[in-house]
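K.L.:
Take this structure, written in structure tokens, and hold onto it; I'll ask about it next.
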Amino acid sequence: MSSPVKLPYFDALLNLLDRGHPAVDQAFGRHVHWGYWPDPKQADVSPEDFALAAERLTELVYTAAEVDDGQRILDAGCGFGGTVASLNGRFRDIDVSGLNIDRRQLRRASERVSAGSGNVLNWIQADACVLPFADRSFDTVLAVECIFHFPSRKRFFEEAYRVLKPGGRMALSDFVPTPLLRPAMTVASRWPASAGFYGRCKFHSTLRDYRRLAEETGFIVRHGQDITSNTLPTYDFVRKLAKDMSVKTVSAIIETLFAEWASRLGLLRYLVLAFEKPG
């Protein structure tokens, strides 16, 4: 099965990684998402600093899901396997499935992440909205900064609810607009340019929408954390890296600049959310 999703930024990343670009490999060779800094003023926006921040963000998400030893875990939209690698290094006797629709990302993940003692790792090419798993088969479902690429948040919630065991948790991170920004984001998601450098992204679900979606699918909201201010150094790093690499893609510049200023103005929030399937 080939990927029907166009993700130009992954094309660019994979090209640079294959060429052995040191800064890109340090920053994005493991995780491909924003970073988290406990004290943003201390960020030095080096590749090493950013890699540590990205790892911290991953840890925030799976901590919100209350991951523990012995669990069966699904990481939907697993990218290059960074979250799976982090779980694999921290927990024991876990069975983790990294799922992605893009075979190239799975290939890189499988080549670079090996199961730790007592752990089982699986790499599965599939659509996150049509999960190829039995009902009640996972303790935890994770989606780190990727749900906006999925065809339908509602369908993903329904599928996650189906495959979770009673009492299981789903945790995710997402860019969440305020009600004031939502109309603009809804229009932008339908605009042809929304399929630019970052692919087709749907940033139109507000926190109220998430709560409604949880209620409709049967989930209980268990955790909500606004970490927008802690992620802002990401933009400084991305801008610096793009300059060093002489990136001149118009859509990349415009889309990143819009997200940065919407975030700095408090109109676009970066949230970590966790939901529980009732026992």
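Residue numbering restarts at 1 for every chain of the structure tokens, chains are lettered A, B, ... in their displayed order, and ligands are numbered from 1 as they appear.
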As an MDAnalysis selection string, please: every residue in stretch 16-82 of chain A that a backbone DSSP assignment puts in helix (DSSP H, G or I).
P.N.:
chainID A and resid 16:18 22:28 40:42 47:64 82
K.L.:
Could you go through stretch 51-179 of chain A and tell me which residues DSSP, when run on the backbone, assigns to strand (DSSP E or B), listing them as a PyMOL selection string?
P.N.:
chain A and resi 72-76+95-100+120-125+138-144+164-177
K.L.:
Hey, what's within 12 Å of A:Gly29 if we count only C-alpha atoms and toss same-chain stuff fewer than 2 positions away? As a PDB file with all heavy atoms, in the first residue's frame, please?
P.N.:
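Written out: result_39.pdb:
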ATOM      1  N   PHE A  10       8.240  15.924   4.761  1.00  0.00           N
ATOM      2  CA  PHE A  10       8.890  14.643   4.994  1.00  0.00           C
ATOM      3  C   PHE A  10       9.777  14.276   3.807  1.00  0.00           C
ATOM      4  O   PHE A  10      10.841  13.666   3.993  1.00  0.00           O
ATOM      5  CB  PHE A  10       7.857  13.544   5.251  1.00  0.00           C
ATOM      6  CG  PHE A  10       7.568  13.340   6.714  1.00  0.00           C
ATOM      7  CD1 PHE A  10       6.371  13.759   7.260  1.00  0.00           C
ATOM      8  CD2 PHE A  10       8.498  12.737   7.538  1.00  0.00           C
ATOM      9  CE1 PHE A  10       6.110  13.589   8.609  1.00  0.00           C
ATOM     10  CE2 PHE A  10       8.254  12.550   8.890  1.00  0.00           C
ATOM     11  CZ  PHE A  10       7.054  12.982   9.432  1.00  0.00           C
ATOM     12  N   LEU A  13      12.881  16.258   4.503  1.00  0.00           N
ATOM     13  CA  LEU A  13      13.622  15.714   5.634  1.00  0.00           C
ATOM     14  C   LEU A  13      14.349  14.421   5.267  1.00  0.00           C
ATOM     15  O   LEU A  13      15.530  14.243   5.576  1.00  0.00           O
ATOM     16  CB  LEU A  13      12.683  15.449   6.807  1.00  0.00           C
ATOM     17  CG  LEU A  13      12.278  16.641   7.670  1.00  0.00           C
ATOM     18  CD1 LEU A  13      11.299  16.194   8.741  1.00  0.00           C
ATOM     19  CD2 LEU A  13      13.506  17.287   8.309  1.00  0.00           C
ATOM     20  N   LEU A  14      13.623  13.530   4.605  1.00  0.00           N
ATOM     21  CA  LEU A  14      14.220  12.253   4.227  1.00  0.00           C
ATOM     22  C   LEU A  14      15.382  12.448   3.264  1.00  0.00           C
ATOM     23  O   LEU A  14      16.401  11.742   3.349  1.00  0.00           O
ATOM     24  CB  LEU A  14      13.159  11.343   3.610  1.00  0.00           C
ATOM     25  CG  LEU A  14      12.170  10.730   4.611  1.00  0.00           C
ATOM     26  CD1 LEU A  14      10.951  10.167   3.891  1.00  0.00           C
ATOM     27  CD2 LEU A  14      12.857   9.640   5.434  1.00  0.00           C
ATOM     28  N   ASN A  15      15.250  13.407   2.366  1.00  0.00           N
ATOM     29  CA  ASN A  15      16.330  13.698   1.427  1.00  0.00           C
ATOM     30  C   ASN A  15      17.575  14.175   2.171  1.00  0.00           C
ATOM     31  O   ASN A  15      18.693  13.718   1.908  1.00  0.00           O
ATOM     32  CB  ASN A  15      15.875  14.760   0.433  1.00  0.00           C
ATOM     33  CG  ASN A  15      16.962  15.100  -0.577  1.00  0.00           C
ATOM     34  OD1 ASN A  15      17.584  14.233  -1.183  1.00  0.00           O
ATOM     35  ND2 ASN A  15      17.187  16.397  -0.769  1.00  0.00           N
ATOM     36  N   LEU A  16      17.374  15.081   3.147  1.00  0.00           N
ATOM     37  CA  LEU A  16      18.499  15.614   3.907  1.00  0.00           C
ATOM     38  C   LEU A  16      19.109  14.554   4.828  1.00  0.00           C
ATOM     39  O   LEU A  16      20.324  14.486   5.000  1.00  0.00           O
ATOM     40  CB  LEU A  16      18.051  16.825   4.722  1.00  0.00           C
ATOM     41  CG  LEU A  16      17.718  18.071   3.894  1.00  0.00           C
ATOM     42  CD1 LEU A  16      16.980  19.093   4.736  1.00  0.00           C
ATOM     43  CD2 LEU A  16      19.006  18.684   3.336  1.00  0.00           C
ATOM     44  N   LEU A  17      18.253  13.714   5.399  1.00  0.00           N
ATOM     45  CA  LEU A  17      18.746  12.646   6.266  1.00  0.00           C
ATOM     46  C   LEU A  17      19.554  11.626   5.469  1.00  0.00           C
ATOM     47  O   LEU A  17      20.593  11.139   5.927  1.00  0.00           O
ATOM     48  CB  LEU A  17      17.576  11.965   6.975  1.00  0.00           C
ATOM     49  CG  LEU A  17      16.879  12.795   8.058  1.00  0.00           C
ATOM     50  CD1 LEU A  17      15.569  12.129   8.479  1.00  0.00           C
ATOM     51  CD2 LEU A  17      17.790  12.991   9.264  1.00  0.00           C
ATOM     52  N   ASP A  18      19.084  11.316   4.276  1.00  0.00           N
ATOM     53  CA  ASP A  18      19.805  10.375   3.426  1.00  0.00           C
ATOM     54  C   ASP A  18      21.170  10.926   3.007  1.00  0.00           C
ATOM     55  O   ASP A  18      22.114  10.165   2.777  1.00  0.00           O
ATOM     56  CB  ASP A  18      18.977  10.046   2.175  1.00  0.00           C
ATOM     57  CG  ASP A  18      17.771   9.169   2.486  1.00  0.00           C
ATOM     58  OD1 ASP A  18      17.747   8.558   3.568  1.00  0.00           O
ATOM     59  OD2 ASP A  18      16.848   9.115   1.640  1.00  0.00           O
ATOM     60  N   GLY A  20      22.920  12.766   4.938  1.00  0.00           N
ATOM     61  CA  GLY A  20      23.745  12.872   6.138  1.00  0.00           C
ATOM     62  C   GLY A  20      23.895  14.274   6.675  1.00  0.00           C
ATOM     63  O   GLY A  20      24.938  14.614   7.260  1.00  0.00           O
ATOM     64  N   HIS A  21      22.859  15.118   6.515  1.00  0.00           N
ATOM     65  CA  HIS A  21      22.932  16.482   7.035  1.00  0.00           C
ATOM     66  C   HIS A  21      22.981  16.423   8.561  1.00  0.00           C
ATOM     67  O   HIS A  21      22.017  15.981   9.204  1.00  0.00           O
ATOM     68  CB  HIS A  21      21.708  17.271   6.567  1.00  0.00           C
ATOM     69  CG  HIS A  21      21.834  18.748   6.791  1.00  0.00           C
ATOM     70  ND1 HIS A  21      21.806  19.315   8.047  1.00  0.00           N
ATOM     71  CD2 HIS A  21      21.988  19.771   5.916  1.00  0.00           C
ATOM     72  CE1 HIS A  21      21.929  20.632   7.943  1.00  0.00           C
ATOM     73  NE2 HIS A  21      22.054  20.928   6.655  1.00  0.00           N
ATOM     74  N   PRO A  22      24.082  16.850   9.189  1.00  0.00           N
ATOM     75  CA  PRO A  22      24.255  16.665  10.640  1.00  0.00           C
ATOM     76  C   PRO A  22      23.216  17.373  11.505  1.00  0.00           C
ATOM     77  O   PRO A  22      22.708  16.790  12.472  1.00  0.00           O
ATOM     78  CB  PRO A  22      25.663  17.204  10.903  1.00  0.00           C
ATOM     79  CG  PRO A  22      25.952  18.115   9.750  1.00  0.00           C
ATOM     80  CD  PRO A  22      25.247  17.515   8.583  1.00  0.00           C
ATOM     81  N   ALA A  23      22.880  18.631  11.200  1.00  0.00           N
ATOM     82  CA  ALA A  23      21.922  19.370  12.024  1.00  0.00           C
ATOM     83  C   ALA A  23      20.531  18.775  11.927  1.00  0.00           C
ATOM     84  O   ALA A  23      19.813  18.651  12.939  1.00  0.00           O
ATOM     85  CB  ALA A  23      21.890  20.846  11.606  1.00  0.00           C
ATOM     86  N   VAL A  24      20.132  18.374  10.724  1.00  0.00           N
ATOM     87  CA  VAL A  24      18.811  17.775  10.533  1.00  0.00           C
ATOM     88  C   VAL A  24      18.749  16.415  11.215  1.00  0.00           C
ATOM     89  O   VAL A  24      17.750  16.065  11.860  1.00  0.00           O
ATOM     90  CB  VAL A  24      18.488  17.637   9.028  1.00  0.00           C
ATOM     91  CG1 VAL A  24      17.196  16.848   8.818  1.00  0.00           C
ATOM     92  CG2 VAL A  24      18.358  19.016   8.395  1.00  0.00           C
ATOM     93  N   ASP A  25      19.824  15.649  11.109  1.00  0.00           N
ATOM     94  CA  ASP A  25      19.853  14.338  11.748  1.00  0.00           C
ATOM     95  C   ASP A  25      19.766  14.469  13.270  1.00  0.00           C
ATOM     96  O   ASP A  25      19.052  13.709  13.934  1.00  0.00           O
ATOM     97  CB  ASP A  25      21.130  13.596  11.370  1.00  0.00           C
ATOM     98  CG  ASP A  25      21.138  12.178  11.903  1.00  0.00           C
ATOM     99  OD1 ASP A  25      20.320  11.373  11.440  1.00  0.00           O
ATOM    100  OD2 ASP A  25      21.953  11.884  12.794  1.00  0.00           O
ATOM    101  N   GLN A  26      20.463  15.453  13.835  1.00  0.00           N
ATOM    102  CA  GLN A  26      20.432  15.670  15.277  1.00  0.00           C
ATOM    103  C   GLN A  26      19.058  16.107  15.745  1.00  0.00           C
ATOM    104  O   GLN A  26      18.539  15.632  16.758  1.00  0.00           O
ATOM    105  CB  GLN A  26      21.456  16.736  15.665  1.00  0.00           C
ATOM    106  CG  GLN A  26      21.472  17.086  17.146  1.00  0.00           C
ATOM    107  CD  GLN A  26      22.053  15.983  17.992  1.00  0.00           C
ATOM    108  OE1 GLN A  26      23.123  15.460  17.684  1.00  0.00           O
ATOM    109  NE2 GLN A  26      21.373  15.615  19.062  1.00  0.00           N
ATOM    110  N   ALA A  27      18.443  17.019  14.992  1.00  0.00           N
ATOM    111  CA  ALA A  27      17.177  17.606  15.421  1.00  0.00           C
ATOM    112  C   ALA A  27      15.963  16.757  15.087  1.00  0.00           C
ATOM    113  O   ALA A  27      15.030  16.634  15.901  1.00  0.00           O
ATOM    114  CB  ALA A  27      17.020  18.986  14.786  1.00  0.00           C
ATOM    115  N   HIS A  31      12.647  12.456  16.443  1.00  0.00           N
ATOM    116  CA  HIS A  31      11.305  13.024  16.552  1.00  0.00           C
ATOM    117  C   HIS A  31      11.077  14.044  15.442  1.00  0.00           C
ATOM    118  O   HIS A  31      11.992  14.776  15.067  1.00  0.00           O
ATOM    119  CB  HIS A  31      11.126  13.737  17.890  1.00  0.00           C
ATOM    120  CG  HIS A  31      11.258  12.842  19.083  1.00  0.00           C
ATOM    121  ND1 HIS A  31      10.319  11.895  19.413  1.00  0.00           N
ATOM    122  CD2 HIS A  31      12.228  12.759  20.030  1.00  0.00           C
ATOM    123  CE1 HIS A  31      10.696  11.266  20.512  1.00  0.00           C
ATOM    124  NE2 HIS A  31      11.856  11.757  20.907  1.00  0.00           N
ATOM    125  N   VAL A  32       9.835  14.105  14.958  1.00  0.00           N
ATOM    126  CA  VAL A  32       9.491  15.112  13.950  1.00  0.00           C
ATOM    127  C   VAL A  32       8.274  15.878  14.469  1.00  0.00           C
ATOM    128  O   VAL A  32       7.144  15.721  13.996  1.00  0.00           O
ATOM    129  CB  VAL A  32       9.183  14.461  12.580  1.00  0.00           C
ATOM    130  CG1 VAL A  32       9.045  15.546  11.504  1.00  0.00           C
ATOM    131  CG2 VAL A  32      10.288  13.492  12.186  1.00  0.00           C
ATOM    132  N   HIS A  33       8.502  16.669  15.498  1.00  0.00           N
ATOM    133  CA  HIS A  33       7.433  17.495  16.069  1.00  0.00           C
ATOM    134  C   HIS A  33       8.048  18.628  16.876  1.00  0.00           C
ATOM    135  O   HIS A  33       9.266  18.719  17.010  1.00  0.00           O
ATOM    136  CB  HIS A  33       6.482  16.648  16.925  1.00  0.00           C
ATOM    137  CG  HIS A  33       7.140  15.855  18.022  1.00  0.00           C
ATOM    138  ND1 HIS A  33       7.756  16.442  19.096  1.00  0.00           N
ATOM    139  CD2 HIS A  33       7.294  14.516  18.192  1.00  0.00           C
ATOM    140  CE1 HIS A  33       8.247  15.519  19.898  1.00  0.00           C
ATOM    141  NE2 HIS A  33       7.999  14.338  19.366  1.00  0.00           N
ATOM    142  N   PRO A  47      20.712  22.353  17.509  1.00  0.00           N
ATOM    143  CA  PRO A  47      20.101  21.062  17.185  1.00  0.00           C
ATOM    144  C   PRO A  47      20.020  20.146  18.398  1.00  0.00           C
ATOM    145  O   PRO A  47      19.034  19.438  18.592  1.00  0.00           O
ATOM    146  CB  PRO A  47      21.031  20.502  16.101  1.00  0.00           C
ATOM    147  CG  PRO A  47      21.608  21.712  15.446  1.00  0.00           C
ATOM    148  CD  PRO A  47      21.802  22.694  16.570  1.00  0.00           C
ATOM    149  N   GLU A  48      21.060  20.137  19.240  1.00  0.00           N
ATOM    150  CA  GLU A  48      21.070  19.290  20.425  1.00  0.00           C
ATOM    151  C   GLU A  48      19.981  19.721  21.407  1.00  0.00           C
ATOM    152  O   GLU A  48      19.279  18.880  21.974  1.00  0.00           O
ATOM    153  CB  GLU A  48      22.445  19.355  21.113  1.00  0.00           C
ATOM    154  CG  GLU A  48      23.580  18.787  20.298  1.00  0.00           C
ATOM    155  CD  GLU A  48      24.112  19.759  19.227  1.00  0.00           C
ATOM    156  OE1 GLU A  48      23.673  20.933  19.212  1.00  0.00           O
ATOM    157  OE2 GLU A  48      24.945  19.330  18.405  1.00  0.00           O
ATOM    158  N   PHE A  50      17.240  21.360  20.707  1.00  0.00           N
ATOM    159  CA  PHE A  50      15.925  21.069  20.146  1.00  0.00           C
ATOM    160  C   PHE A  50      15.582  19.586  20.269  1.00  0.00           C
ATOM    161  O   PHE A  50      14.446  19.220  20.576  1.00  0.00           O
ATOM    162  CB  PHE A  50      15.851  21.488  18.673  1.00  0.00           C
ATOM    163  CG  PHE A  50      14.502  21.208  18.059  1.00  0.00           C
ATOM    164  CD1 PHE A  50      13.430  22.040  18.305  1.00  0.00           C
ATOM    165  CD2 PHE A  50      14.307  20.082  17.269  1.00  0.00           C
ATOM    166  CE1 PHE A  50      12.175  21.768  17.769  1.00  0.00           C
ATOM    167  CE2 PHE A  50      13.063  19.803  16.733  1.00  0.00           C
ATOM    168  CZ  PHE A  50      11.995  20.646  16.987  1.00  0.00           C
ATOM    169  N   ALA A  51      16.549  18.716  20.042  1.00  0.00           N
ATOM    170  CA  ALA A  51      16.304  17.278  20.156  1.00  0.00           C
ATOM    171  C   ALA A  51      15.861  16.908  21.562  1.00  0.00           C
ATOM    172  O   ALA A  51      14.946  16.098  21.747  1.00  0.00           O
ATOM    173  CB  ALA A  51      17.567  16.502  19.772  1.00  0.00           C
ATOM    174  N   ALA A  54      12.260  18.091  22.016  1.00  0.00           N
ATOM    175  CA  ALA A  54      11.302  17.212  21.342  1.00  0.00           C
ATOM    176  C   ALA A  54      11.070  15.940  22.155  1.00  0.00           C
ATOM    177  O   ALA A  54       9.946  15.434  22.235  1.00  0.00           O
ATOM    178  CB  ALA A  54      11.809  16.872  19.935  1.00  0.00           C
ATOM    179  N   GLU A  55      12.126  15.427  22.759  1.00  0.00           N
ATOM    180  CA  GLU A  55      11.990  14.252  23.617  1.00  0.00           C
ATOM    181  C   GLU A  55      11.101  14.576  24.828  1.00  0.00           C
ATOM    182  O   GLU A  55      10.251  13.767  25.216  1.00  0.00           O
ATOM    183  CB  GLU A  55      13.368  13.784  24.078  1.00  0.00           C
ATOM    184  CG  GLU A  55      13.357  12.610  25.046  1.00  0.00           C
ATOM    185  CD  GLU A  55      12.935  11.287  24.429  1.00  0.00           C
ATOM    186  OE1 GLU A  55      12.921  11.189  23.189  1.00  0.00           O
ATOM    187  OE2 GLU A  55      12.611  10.355  25.194  1.00  0.00           O
ATOM    188  N   GLY A  79       5.751   8.481  12.791  1.00  0.00           N
ATOM    189  CA  GLY A  79       6.897   9.172  12.219  1.00  0.00           C
ATOM    190  C   GLY A  79       8.106   8.270  12.082  1.00  0.00           C
ATOM    191  O   GLY A  79       8.021   7.138  11.618  1.00  0.00           O
ATOM    192  N   PHE A  80       9.269   8.772  12.543  1.00  0.00           N
ATOM    193  CA  PHE A  80      10.512   8.013  12.454  1.00  0.00           C
ATOM    194  C   PHE A  80      10.730   7.122  13.676  1.00  0.00           C
ATOM    195  O   PHE A  80      11.837   6.638  13.911  1.00  0.00           O
ATOM    196  CB  PHE A  80      11.705   8.956  12.306  1.00  0.00           C
ATOM    197  CG  PHE A  80      11.701   9.767  11.034  1.00  0.00           C
ATOM    198  CD1 PHE A  80      12.246  11.048  10.997  1.00  0.00           C
ATOM    199  CD2 PHE A  80      11.148   9.256   9.857  1.00  0.00           C
ATOM    200  CE1 PHE A  80      12.256  11.797   9.829  1.00  0.00           C
ATOM    201  CE2 PHE A  80      11.145   9.995   8.688  1.00  0.00           C
ATOM    202  CZ  PHE A  80      11.695  11.272   8.670  1.00  0.00           C
ATOM    203  N   GLY A  81       9.684   6.932  14.477  1.00  0.00           N
ATOM    204  CA  GLY A  81       9.768   6.016  15.609  1.00  0.00           C
ATOM    205  C   GLY A  81      10.291   6.614  16.886  1.00  0.00           C
ATOM    206  O   GLY A  81      10.651   5.882  17.817  1.00  0.00           O
ATOM    207  N   GLY A  82      10.311   7.942  16.996  1.00  0.00           N
ATOM    208  CA  GLY A  82      10.852   8.591  18.183  1.00  0.00           C
ATOM    209  C   GLY A  82      10.090   8.272  19.459  1.00  0.00           C
ATOM    210  O   GLY A  82      10.695   7.982  20.499  1.00  0.00           O
ATOM    211  N   THR A  83       8.766   8.306  19.395  1.00  0.00           N
ATOM    212  CA  THR A  83       7.967   8.006  20.577  1.00  0.00           C
ATOM    213  C   THR A  83       8.121   6.537  20.967  1.00  0.00           C
ATOM    214  O   THR A  83       8.256   6.199  22.149  1.00  0.00           O
ATOM    215  CB  THR A  83       6.487   8.340  20.332  1.00  0.00           C
ATOM    216  OG1 THR A  83       6.364   9.750  20.083  1.00  0.00           O
ATOM    217  CG2 THR A  83       5.633   7.971  21.540  1.00  0.00           C
ATOM    218  N   ALA A  85      10.705   4.678  20.369  1.00  0.00           N
ATOM    219  CA  ALA A  85      12.052   4.542  20.928  1.00  0.00           C
ATOM    220  C   ALA A  85      12.096   5.032  22.373  1.00  0.00           C
ATOM    221  O   ALA A  85      12.741   4.411  23.233  1.00  0.00           O
ATOM    222  CB  ALA A  85      13.056   5.320  20.078  1.00  0.00           C
ATOM    223  N   GLN A 105       8.673   6.254   6.234  1.00  0.00           N
ATOM    224  CA  GLN A 105       8.896   6.575   7.639  1.00  0.00           C
ATOM    225  C   GLN A 105       9.029   5.307   8.470  1.00  0.00           C
ATOM    226  O   GLN A 105       9.875   5.213   9.367  1.00  0.00           O
ATOM    227  CB  GLN A 105       7.751   7.445   8.155  1.00  0.00           C
ATOM    228  CG  GLN A 105       7.671   8.807   7.475  1.00  0.00           C
ATOM    229  CD  GLN A 105       6.468   9.606   7.923  1.00  0.00           C
ATOM    230  OE1 GLN A 105       6.259   9.798   9.109  1.00  0.00           O
ATOM    231  NE2 GLN A 105       5.661  10.080   6.980  1.00  0.00           N
ATOM    232  N   ARG A 108      12.490   3.684   7.963  1.00  0.00           N
ATOM    233  CA  ARG A 108      13.543   4.352   8.736  1.00  0.00           C
ATOM    234  C   ARG A 108      13.422   3.993  10.219  1.00  0.00           C
ATOM    235  O   ARG A 108      14.425   3.717  10.885  1.00  0.00           O
ATOM    236  CB  ARG A 108      13.460   5.867   8.552  1.00  0.00           C
ATOM    237  CG  ARG A 108      14.521   6.613   9.336  1.00  0.00           C
ATOM    238  CD  ARG A 108      14.492   8.111   9.105  1.00  0.00           C
ATOM    239  NE  ARG A 108      15.439   8.773   9.978  1.00  0.00           N
ATOM    240  CZ  ARG A 108      16.737   8.903   9.740  1.00  0.00           C
ATOM    241  NH1 ARG A 108      17.237   8.425   8.609  1.00  0.00           N
ATOM    242  NH2 ARG A 108      17.537   9.501  10.605  1.00  0.00           N
ATOM    243  N   ALA A 109      12.189   3.985  10.734  1.00  0.00           N
ATOM    244  CA  ALA A 109      11.975   3.660  12.147  1.00  0.00           C
ATOM    245  C   ALA A 109      12.448   2.254  12.466  1.00  0.00           C
ATOM    246  O   ALA A 109      13.157   2.029  13.455  1.00  0.00           O
ATOM    247  CB  ALA A 109      10.495   3.821  12.495  1.00  0.00           C
ATOM    248  N   GLU A 111      14.615   0.464  11.009  1.00  0.00           N
ATOM    249  CA  GLU A 111      16.057   0.305  10.875  1.00  0.00           C
ATOM    250  C   GLU A 111      16.828   0.886  12.056  1.00  0.00           C
ATOM    251  O   GLU A 111      17.973   0.496  12.316  1.00  0.00           O
ATOM    252  CB  GLU A 111      16.545   0.979   9.581  1.00  0.00           C
ATOM    253  CG  GLU A 111      16.081   0.284   8.301  1.00  0.00           C
ATOM    254  CD  GLU A 111      16.408   1.086   7.056  1.00  0.00           C
ATOM    255  OE1 GLU A 111      16.828   2.273   7.204  1.00  0.00           O
ATOM    256  OE2 GLU A 111      16.237   0.560   5.946  1.00  0.00           O
ATOM    257  N   ARG A 112      16.180   1.792  12.801  1.00  0.00           N
ATOM    258  CA  ARG A 112      16.903   2.531  13.839  1.00  0.00           C
ATOM    259  C   ARG A 112      16.435   2.259  15.261  1.00  0.00           C
ATOM    260  O   ARG A 112      17.067   2.734  16.211  1.00  0.00           O
ATOM    261  CB  ARG A 112      16.820   4.030  13.546  1.00  0.00           C
ATOM    262  CG  ARG A 112      17.715   4.429  12.379  1.00  0.00           C
ATOM    263  CD  ARG A 112      17.340   5.767  11.786  1.00  0.00           C
ATOM    264  NE  ARG A 112      18.284   6.130  10.720  1.00  0.00           N
ATOM    265  CZ  ARG A 112      18.268   5.604   9.506  1.00  0.00           C
ATOM    266  NH1 ARG A 112      17.370   4.696   9.200  1.00  0.00           N
ATOM    267  NH2 ARG A 112      19.149   5.975   8.599  1.00  0.00           N
ATOM    268  N   VAL A 113      15.339   1.536  15.414  1.00  0.00           N
ATOM    269  CA  VAL A 113      14.826   1.264  16.759  1.00  0.00           C
ATOM    270  C   VAL A 113      14.737  -0.243  16.961  1.00  0.00           C
ATOM    271  O   VAL A 113      14.024  -0.933  16.229  1.00  0.00           O
ATOM    272  CB  VAL A 113      13.437   1.899  16.980  1.00  0.00           C
ATOM    273  CG1 VAL A 113      13.018   1.723  18.436  1.00  0.00           C
ATOM    274  CG2 VAL A 113      13.441   3.383  16.611  1.00  0.00           C
TER     275      VAL A 113
END
K.L.:
Just want the 9 Å neighbourhood of A:Leu131, counted on only C-alpha atoms, with same-chain residues fewer than 4 positions away dropped. Output as a list in words.
P.N.:
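Final neighbour list, sorted by chain and number: Leu99, Ala126, Asp127, Phe156, Glu159, Ala160 and Val163 of chain A.
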K.L.:
Write out, as a compact mmCIF listing (two decimals), in the first residue's frame, the residues just selected, with all heavy atoms.
P.N.:
# COMPACT_ATOMS: atom_id res chain seq x y z
N LEU A 99 2.41 2.91 14.07
CA LEU A 99 1.57 2.86 12.87
C LEU A 99 1.73 4.14 12.07
O LEU A 99 1.72 5.24 12.62
CB LEU A 99 0.11 2.65 13.28
CG LEU A 99 -0.93 2.57 12.15
CD1 LEU A 99 -2.02 1.54 12.50
CD2 LEU A 99 -1.59 3.92 11.89
N ALA A 126 -0.70 1.53 7.88
CA ALA A 126 -2.16 1.54 7.85
C ALA A 126 -2.66 2.96 8.08
O ALA A 126 -1.91 3.85 8.50
CB ALA A 126 -2.72 0.59 8.91
N ASP A 127 -3.94 3.14 7.82
CA ASP A 127 -4.63 4.41 8.04
C ASP A 127 -5.08 4.47 9.50
O ASP A 127 -5.72 3.54 10.00
CB ASP A 127 -5.84 4.47 7.10
CG ASP A 127 -6.57 5.80 7.13
OD1 ASP A 127 -6.51 6.50 8.15
OD2 ASP A 127 -7.24 6.12 6.12
N PHE A 156 -11.01 8.77 13.92
CA PHE A 156 -9.87 8.31 14.73
C PHE A 156 -10.30 8.09 16.17
O PHE A 156 -9.93 7.09 16.79
CB PHE A 156 -8.72 9.31 14.67
CG PHE A 156 -7.59 8.95 15.60
CD1 PHE A 156 -6.84 7.80 15.39
CD2 PHE A 156 -7.28 9.76 16.68
CE1 PHE A 156 -5.80 7.45 16.26
CE2 PHE A 156 -6.26 9.42 17.55
CZ PHE A 156 -5.51 8.27 17.34
N GLU A 159 -12.22 4.87 16.34
CA GLU A 159 -11.35 3.72 16.21
C GLU A 159 -10.49 3.51 17.46
O GLU A 159 -10.28 2.38 17.91
CB GLU A 159 -10.45 3.87 14.98
CG GLU A 159 -11.15 3.57 13.67
CD GLU A 159 -11.43 2.07 13.55
OE1 GLU A 159 -10.56 1.34 13.06
OE2 GLU A 159 -12.52 1.64 13.97
N ALA A 160 -9.99 4.61 18.02
CA ALA A 160 -9.20 4.51 19.25
C ALA A 160 -10.05 3.96 20.39
O ALA A 160 -9.60 3.10 21.16
CB ALA A 160 -8.64 5.88 19.63
N VAL A 163 -10.48 0.11 19.92
CA VAL A 163 -9.34 -0.78 20.18
C VAL A 163 -8.82 -0.68 21.62
O VAL A 163 -8.02 -1.52 22.04
CB VAL A 163 -8.18 -0.52 19.20
CG1 VAL A 163 -8.65 -0.71 17.77
CG2 VAL A 163 -7.55 0.85 19.40
K.L.:
Considering only C-alpha atoms, state which residue in the set A:Val144, A:Ala12, A:Phe157, A:Val61 is at the smallest distance from A:Ala242.
P.N.:
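Selected residue with least distance to A:Ala242: A:Ala12.
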K.L.:
Could you name the residues that touch A:Ser263 at 12 Å or less, counting only C-alpha atoms, but leaving out those on the same chain fewer than 2 positions away, as a ChimeraX atom specification?
P.N.:
/A:175-178,181,226-235,256-261,265-271
K.L.:
I need the chosen residues saved as a short mmCIF file (atom, residue, chain, number, x, y, z; two decimals), in the first residue's frame, with C-alpha atoms.
P.N.:
data_model
loop_
_atom_site.label_atom_id
_atom_site.label_comp_id
_atom_site.auth_asym_id
_atom_site.auth_seq_id
_atom_site.Cartn_x
_atom_site.Cartn_y
_atom_site.Cartn_z
CA PHE A 175 -2.53 22.85 17.60
CA VAL A 176 -5.92 24.08 18.85
CA PRO A 177 -7.39 27.40 17.68
CA THR A 178 -9.41 29.69 19.92
CA LEU A 181 -9.37 32.05 15.11
CA ASP A 226 -1.71 24.25 27.54
CA ILE A 227 2.01 24.28 26.75
CA THR A 228 1.99 26.93 24.03
CA SER A 229 4.56 29.22 25.68
CA ASN A 230 6.86 26.24 26.29
CA THR A 231 6.90 25.36 22.58
CA LEU A 232 7.63 28.83 21.17
CA PRO A 233 11.44 28.39 20.90
CA THR A 234 10.65 25.82 18.20
CA TYR A 235 9.96 28.66 15.78
CA THR A 256 5.35 28.67 9.72
CA LEU A 257 5.11 32.44 10.16
CA PHE A 258 1.32 32.30 10.46
CA ALA A 259 1.47 29.54 13.09
CA GLU A 260 4.14 31.40 15.04
CA TRP A 261 2.32 34.69 15.28
CA LEU A 265 -0.88 36.20 20.10
CA GLY A 266 -2.65 33.42 21.99
CA LEU A 267 -4.97 32.56 19.11
CA LEU A 268 -3.46 29.14 18.35
CA ARG A 269 -2.78 26.99 21.41
CA TYR A 270 -0.59 23.89 21.69
CA LEU A 271 -2.41 21.43 23.96
#
K.L.:
Could you check which of A:Ala64, A:Met185, A:Cys78, A:Ala128 is closest to A:Thr206, using only C-alpha atoms?
P.N.:
A:Met185
K.L.:
What does the structure give for the distance between atom CA of A:Leu57 and atom CA of A:Tyr198, in Å to one decimal?
P.N.:
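It comes out at 19.7 Å.
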